[in-house]
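Trainee: Sending over structure14.cif (mmCIF, C-alpha atoms).
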```
data_query
loop_
_atom_site.label_atom_id
_atom_site.label_comp_id
_atom_site.auth_asym_id
_atom_site.auth_seq_id
_atom_site.Cartn_x
_atom_site.Cartn_y
_atom_site.Cartn_z
CA MET A 131 19.77 -7.94 -29.09
CA ARG A 132 16.62 -6.04 -28.23
CA ALA A 133 14.11 -7.69 -25.91
CA TYR A 134 10.46 -7.51 -26.88
CA SER A 135 7.54 -7.86 -24.51
CA SER A 136 4.89 -10.41 -25.41
CA PRO A 137 1.30 -9.26 -26.00
CA ALA A 138 0.33 -11.07 -22.77
CA ASP A 139 2.96 -9.12 -20.81
CA GLU A 140 1.75 -5.85 -22.30
CA LYS A 141 -1.84 -6.72 -21.38
CA ALA A 142 -0.78 -7.59 -17.80
CA LEU A 143 1.03 -4.26 -17.53
CA GLU A 144 -2.04 -2.36 -18.72
CA ILE A 145 -4.28 -4.21 -16.22
CA ILE A 146 -2.12 -3.41 -13.19
CA ARG A 147 -1.65 0.17 -14.41
CA ARG A 148 -5.43 0.67 -14.53
CA ALA A 149 -5.85 -1.01 -11.13
CA ASP A 150 -3.14 1.27 -9.69
CA GLU A 151 -5.11 4.28 -10.94
CA VAL A 152 -8.13 2.99 -9.01
CA ARG A 153 -6.17 2.46 -5.79
CA SER A 154 -4.61 5.94 -5.76
CA PRO A 155 -4.50 9.11 -7.87
CA ASN A 156 -1.38 10.02 -9.84
CA LYS A 157 -1.14 13.27 -7.89
CA PRO A 158 0.10 14.20 -4.41
CA PHE A 159 -2.65 13.44 -1.90
CA ARG A 160 -3.32 13.06 1.81
CA TYR A 161 -5.54 10.74 3.82
CA THR A 162 -6.26 9.33 7.27
CA VAL A 163 -5.96 5.57 7.78
CA THR A 164 -7.52 3.90 10.81
CA ILE A 165 -6.20 0.42 11.58
CA ASN A 166 -8.11 -1.98 13.82
CA GLU A 167 -7.00 -5.46 14.85
CA TYR A 168 -9.58 -8.16 15.60
CA LYS A 169 -9.62 -11.69 16.89
CA ALA A 170 -11.28 -14.15 14.49
CA GLY A 171 -15.04 -14.31 15.12
CA SER A 172 -15.12 -11.01 17.04
CA ASP A 173 -16.22 -7.55 15.92
CA GLN A 174 -14.60 -5.81 18.91
CA SER A 175 -11.28 -4.13 18.09
CA GLU A 176 -8.40 -5.20 20.34
CA ASN A 177 -5.89 -2.68 19.02
CA LYS A 178 -6.28 0.61 17.16
CA GLN A 179 -3.87 2.94 15.39
CA VAL A 180 -4.61 6.11 13.39
CA LEU A 181 -2.16 7.75 10.99
CA ASP A 182 -2.26 10.91 8.89
CA ILE A 183 -0.43 10.16 5.62
CA SER A 184 0.83 12.40 2.83
CA MET A 185 1.81 10.71 -0.45
CA ARG A 186 3.90 12.09 -3.28
CA PHE A 187 3.74 9.17 -5.71
CA ILE A 188 3.82 10.73 -9.16
CA LYS A 189 4.35 8.78 -12.36
CA PRO A 190 6.47 10.46 -15.05
CA GLU A 191 4.34 12.34 -17.59
CA GLY A 192 5.75 14.63 -20.25
CA ASP A 193 8.49 16.70 -18.63
CA SER A 194 7.59 15.71 -15.06
CA LYS A 195 9.81 13.24 -13.23
CA ALA A 196 8.67 10.30 -11.14
CA ASP A 197 8.48 10.80 -7.39
CA ALA A 198 7.77 8.27 -4.63
CA ARG A 199 7.75 9.61 -1.08
CA SER A 200 5.43 9.42 1.90
CA LEU A 201 5.07 10.88 5.35
CA ALA A 202 3.01 9.03 7.98
CA ARG A 203 2.27 10.91 11.21
CA PHE A 204 0.99 8.89 14.19
CA ILE A 205 -2.05 10.55 15.77
CA TYR A 206 -3.65 7.75 17.84
CA PRO A 207 -3.20 6.43 20.47
CA PRO A 208 -2.13 9.65 22.18
CA ARG A 209 1.11 8.08 23.45
CA ASP A 210 2.25 7.72 19.82
CA ARG A 211 1.77 11.37 18.86
CA GLY A 212 4.97 12.83 17.45
CA LYS A 213 6.10 9.58 15.87
CA VAL A 214 6.69 9.68 12.11
CA LEU A 215 7.36 7.11 9.38
CA LEU A 216 9.12 8.54 6.33
CA SER A 217 9.69 6.76 3.01
CA ASP A 218 11.73 7.79 0.01
CA GLY A 219 11.47 5.10 -2.64
CA TYR A 220 12.12 1.82 -0.83
CA ALA A 221 14.00 3.43 2.06
CA LEU A 222 12.03 3.88 5.31
CA TRP A 223 12.93 5.78 8.47
CA PHE A 224 11.16 5.92 11.81
CA TYR A 225 11.33 8.89 14.15
CA THR A 226 10.09 9.43 17.68
CA PRO A 227 10.82 12.45 19.86
CA GLU A 228 12.81 10.19 22.22
CA LEU A 229 15.35 9.51 19.45
CA ARG A 230 18.09 11.92 18.47
CA HIS A 231 17.84 10.95 14.80
CA PRO A 232 15.47 8.95 12.55
CA ILE A 233 16.43 5.28 12.29
CA PRO A 234 16.09 3.02 9.23
CA VAL A 235 13.34 0.38 9.49
CA SER A 236 12.14 -2.53 7.36
CA PRO A 237 8.92 -2.37 5.30
CA GLN A 238 8.09 -5.88 6.64
CA GLN A 239 8.28 -4.79 10.29
CA ARG A 240 4.91 -5.08 12.05
CA LEU A 241 3.08 -1.88 12.86
CA VAL A 242 -0.31 -3.08 14.14
CA GLY A 243 -1.65 -6.64 13.98
CA GLN A 244 -1.19 -7.99 10.45
CA ILE A 245 -0.25 -4.53 9.13
CA SER A 246 3.41 -3.83 8.39
CA ASN A 247 5.18 -0.51 7.82
CA GLY A 248 5.01 -1.05 4.06
CA ASP A 249 1.25 -1.74 4.11
CA VAL A 250 0.21 1.73 5.26
CA ILE A 251 1.95 3.32 2.27
CA VAL A 252 0.23 2.92 -1.09
CA THR A 253 2.34 0.58 -3.23
CA ASN A 254 2.45 1.12 -6.97
CA PHE A 255 2.44 -2.39 -8.43
CA GLU A 256 3.39 -1.25 -11.93
CA TYR A 257 6.75 0.08 -10.77
CA ALA A 258 7.47 -2.46 -8.02
CA TYR A 259 6.63 -5.72 -9.85
CA HIS A 260 6.85 -7.60 -13.12
CA ALA A 261 3.41 -8.91 -14.09
CA THR A 262 2.34 -12.10 -15.87
CA LEU A 263 -1.28 -12.76 -16.81
CA GLN A 264 -2.30 -16.23 -15.55
CA GLY A 265 -5.86 -16.29 -16.88
CA GLU A 266 -9.38 -15.48 -15.71
CA VAL A 267 -11.11 -16.76 -12.56
CA PRO A 268 -14.47 -16.20 -10.79
CA CYS A 269 -14.42 -13.51 -8.07
CA GLY A 270 -17.73 -13.54 -6.22
CA ASP A 271 -20.30 -12.28 -8.71
CA THR A 272 -17.77 -11.15 -11.29
CA ILE A 273 -14.76 -12.40 -13.25
CA CYS A 274 -11.19 -11.39 -12.43
CA TYR A 275 -7.91 -11.41 -14.23
CA LYS A 276 -5.39 -13.42 -12.21
CA LEU A 277 -1.89 -11.99 -12.38
CA GLU A 278 1.37 -13.18 -10.89
CA LEU A 279 3.57 -10.32 -9.74
CA THR A 280 7.27 -10.83 -9.04
CA ARG A 281 9.28 -8.01 -7.56
CA ARG A 282 11.64 -6.02 -9.75
CA SER A 283 14.02 -5.32 -6.87
CA PRO A 284 14.86 -7.20 -3.65
CA GLU A 285 14.00 -3.95 -1.87
CA ALA A 286 10.30 -4.41 -2.70
CA THR A 287 8.40 -5.69 0.33
CA TRP A 288 7.04 -9.00 -1.02
CA PRO A 289 8.79 -11.47 -3.40
CA LYS A 290 5.56 -12.59 -5.07
CA VAL A 291 1.95 -11.46 -5.18
CA LEU A 292 -1.04 -13.14 -6.82
CA TYR A 293 -3.25 -10.24 -7.79
CA TYR A 294 -6.91 -10.48 -8.76
CA VAL A 295 -8.34 -7.57 -10.76
CA GLU A 296 -11.91 -7.25 -12.04
CA LYS A 297 -12.09 -7.83 -15.78
CA GLU A 298 -14.92 -5.41 -16.51
CA GLY A 299 -15.10 -1.67 -16.00
CA GLU A 300 -12.10 0.19 -14.65
CA ASN A 301 -10.21 -2.97 -13.61
CA ARG A 302 -10.86 -2.51 -9.91
CA PRO A 303 -8.57 -4.49 -7.58
CA TYR A 304 -10.40 -7.39 -5.91
CA LYS A 305 -7.80 -9.11 -3.75
CA ALA A 306 -4.08 -9.83 -3.42
CA ASP A 307 -2.27 -12.85 -1.94
CA TYR A 308 1.23 -12.13 -0.61
CA TYR A 309 3.95 -14.80 -0.56
CA SER A 310 7.14 -15.11 1.47
CA LEU A 311 10.64 -15.95 0.19
CA ASP A 312 9.97 -19.67 0.65
CA ASP A 313 6.82 -19.31 -1.52
CA GLN A 314 4.41 -19.75 1.37
CA LEU A 315 1.17 -17.77 1.45
CA PHE A 316 1.73 -15.10 4.10
CA LYS A 317 -1.42 -12.98 4.03
CA GLU A 318 -4.54 -12.23 2.02
CA VAL A 319 -5.72 -8.71 1.28
CA SER A 320 -9.26 -7.82 0.11
CA TYR A 321 -10.28 -4.43 -1.32
CA GLU A 322 -13.73 -3.37 -0.14
CA ASP A 323 -16.23 -0.49 0.26
CA PHE A 324 -15.71 1.31 -3.04
CA HIS A 325 -16.82 4.93 -3.04
CA GLN A 326 -16.52 7.89 -5.37
CA VAL A 327 -13.28 9.56 -4.25
CA LEU A 328 -11.24 12.07 -6.26
CA GLY A 329 -13.04 11.27 -9.51
CA LYS A 330 -13.01 7.44 -9.32
CA MET A 331 -14.64 4.59 -7.43
CA ARG A 332 -11.87 3.66 -5.01
CA PRO A 333 -11.59 1.13 -2.15
CA THR A 334 -11.96 2.79 1.25
CA LYS A 335 -11.46 -0.39 3.30
CA ILE A 336 -8.81 -3.09 3.12
CA LEU A 337 -9.13 -6.37 5.02
CA VAL A 338 -5.85 -8.13 5.86
CA GLN A 339 -5.91 -11.79 6.97
CA ASP A 340 -2.85 -13.54 8.40
CA THR A 341 -3.04 -16.96 6.72
CA ARG A 342 -0.29 -18.57 8.83
CA HIS A 343 -2.23 -18.46 12.09
CA GLY A 344 -5.76 -17.51 11.07
CA LYS A 345 -6.68 -16.28 14.54
CA ARG A 346 -6.57 -12.55 13.85
CA TYR A 347 -7.27 -10.09 11.09
CA SER A 348 -6.77 -6.36 10.60
CA VAL A 349 -8.83 -3.71 8.82
CA MET A 350 -7.52 -0.49 7.30
CA GLU A 351 -10.17 2.19 6.70
CA TYR A 352 -9.42 5.32 4.66
CA SER A 353 -11.05 8.70 5.24
CA ASP A 354 -10.55 12.43 4.61
CA ILE A 355 -8.89 11.68 1.27
CA ARG A 356 -7.97 14.87 -0.56
CA LEU A 357 -5.45 16.27 -3.01
CA GLU A 358 -2.64 18.08 -1.27
CA SER A 359 0.92 18.78 -2.38
CA LEU A 360 3.41 19.31 0.42
CA PRO A 361 6.81 20.68 -0.64
CA VAL A 362 9.52 18.11 -1.32
CA SER A 363 11.46 19.58 1.61
CA SER A 364 8.82 18.13 3.98
CA PHE A 365 9.85 14.59 3.00
CA THR A 366 13.32 14.63 4.58
CA ARG A 367 14.81 13.30 7.80
CA GLU A 368 15.73 16.83 8.81
CA ALA A 369 12.13 18.00 8.39
CA ILE A 370 10.62 15.27 10.55
CA GLN A 371 13.07 16.10 13.35
CA ARG A 372 11.92 19.72 13.23
CA GLY A 373 8.28 18.68 13.09
CA THR A 374 6.14 18.51 9.94
CA ARG A 375 2.53 19.66 9.69
#
```
Starting from the file, give its structure as structure tokens.
Mentor:
Amino acid sequence: MRAYSSPADEKALEIIRRADEVRSPNKPFRYTVTINEYKAGSDQSENKQVLDISMRFIKPEGDSKADARSLARFIYPPRDRGKVLLSDGYALWFYTPELRHPIPVSPQQRLVGQISNGDVIVTNFEYAYHATLQGEVPCGDTICYKLELTRRSPEATWPKVLYYVEKEGENRPYKADYYSLDDQLFKEVSYEDFHQVLGKMRPTKILVQDTRHGKRYSVMEYSDIRLESLPVSSFTREAIQRGTR
């Protein structure tokens, strides 16, 4: 028998597809992400990390094949220079000059504050999750679609995400709530500071709140975003051992 998608499922898919297009271009690109960790009620950063990230997420179009790779180079603090986080699909490897070879790491492993390895790499919700439209809810001064996302593969970082996407305009992402395996709310993510970047209004700041403890939060700020296509050979374990620009 052939399975047919319901109109609601098709609508949910279109919503997350449009929101994905807002979060990142469907072309190889590069950006700097600055991560700061704060204590609740304070505006003084207690921990800072800066990474230079190249992304090769490309959706299949025409004769082109899908590609999903990333290369994150650690540039601050100075003691972390030379460290690299490489992803190919769901597989992640970490390399530091003190190691002989890159080692596999988990996307859930903490990097800075509430930010995990998987958070610094742009996730494509359309490919990682099944989506179900739950309805419409108020989001500040606008109305959002509320979608429940369940992961397509156990390799995806989070089992469930409640995703809020603005109903009007380009379907800009508003916030996402991430749930653990035992269906407990783990963290809340808000998309903020939209600016014209690479032809679209895109979020340049993401606020991440740890809901389990509530005493700290982290902020990821994106800058120097530009189109750039590194060769596929740069996204290999051998390349990061040799040193990648």
Trainee: Go ahead and compute the interatomic distance for atom CA of A:Met331 and atom CA of A:Ala198, in Å to one decimal.
Mentor: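 Going from atom CA of A:Met331 over to atom CA of A:Ala198 covers 22.9 Å.
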Trainee: Would you list the contacts of stretch 252-261 of chain A as a VMD selection string, taking every protein, DNA or RNA residue within 8 Å and counting only C-alpha atoms, but skipping same-chain residues closer than 2 positions in sequence?
Mentor: chain A and resid 139 142 to 143 146 to 147 150 153 to 154 185 248 to 250 263 277 to 283 286
Trainee: Would you mind reading off the distance between atom CA of A:Val267 and atom CA of A:Trp288, one decimal, in Å?
Mentor: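 Distance between the two atoms: 22.9 Å.
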Trainee: What would the selection look like, as a list of chain:residue names, if the PyMOL selection byres ((chain A and resi 164) around 9) were run on the coordinates I just shared?
Mentor: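 When the PyMOL selection byres ((chain A and resi 164) around 9) is applied, the selected residues are A:Thr162, A:Val163, A:Ile165, A:Asn166, A:Lys178, A:Gln179, A:Val180, A:Leu181, A:Asp182, A:Tyr206, A:Val349, A:Met350, A:Glu351, A:Tyr352, A:Ser353.
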Trainee: Here is a test: counting all atoms listed in the file, which residue of A:Lys330, A:Lys345, A:Lys317, A:Arg240 is nearest to A:Gly299?
Mentor: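 Ranked by minimum distance to A:Gly299, first place goes to A:Lys330.
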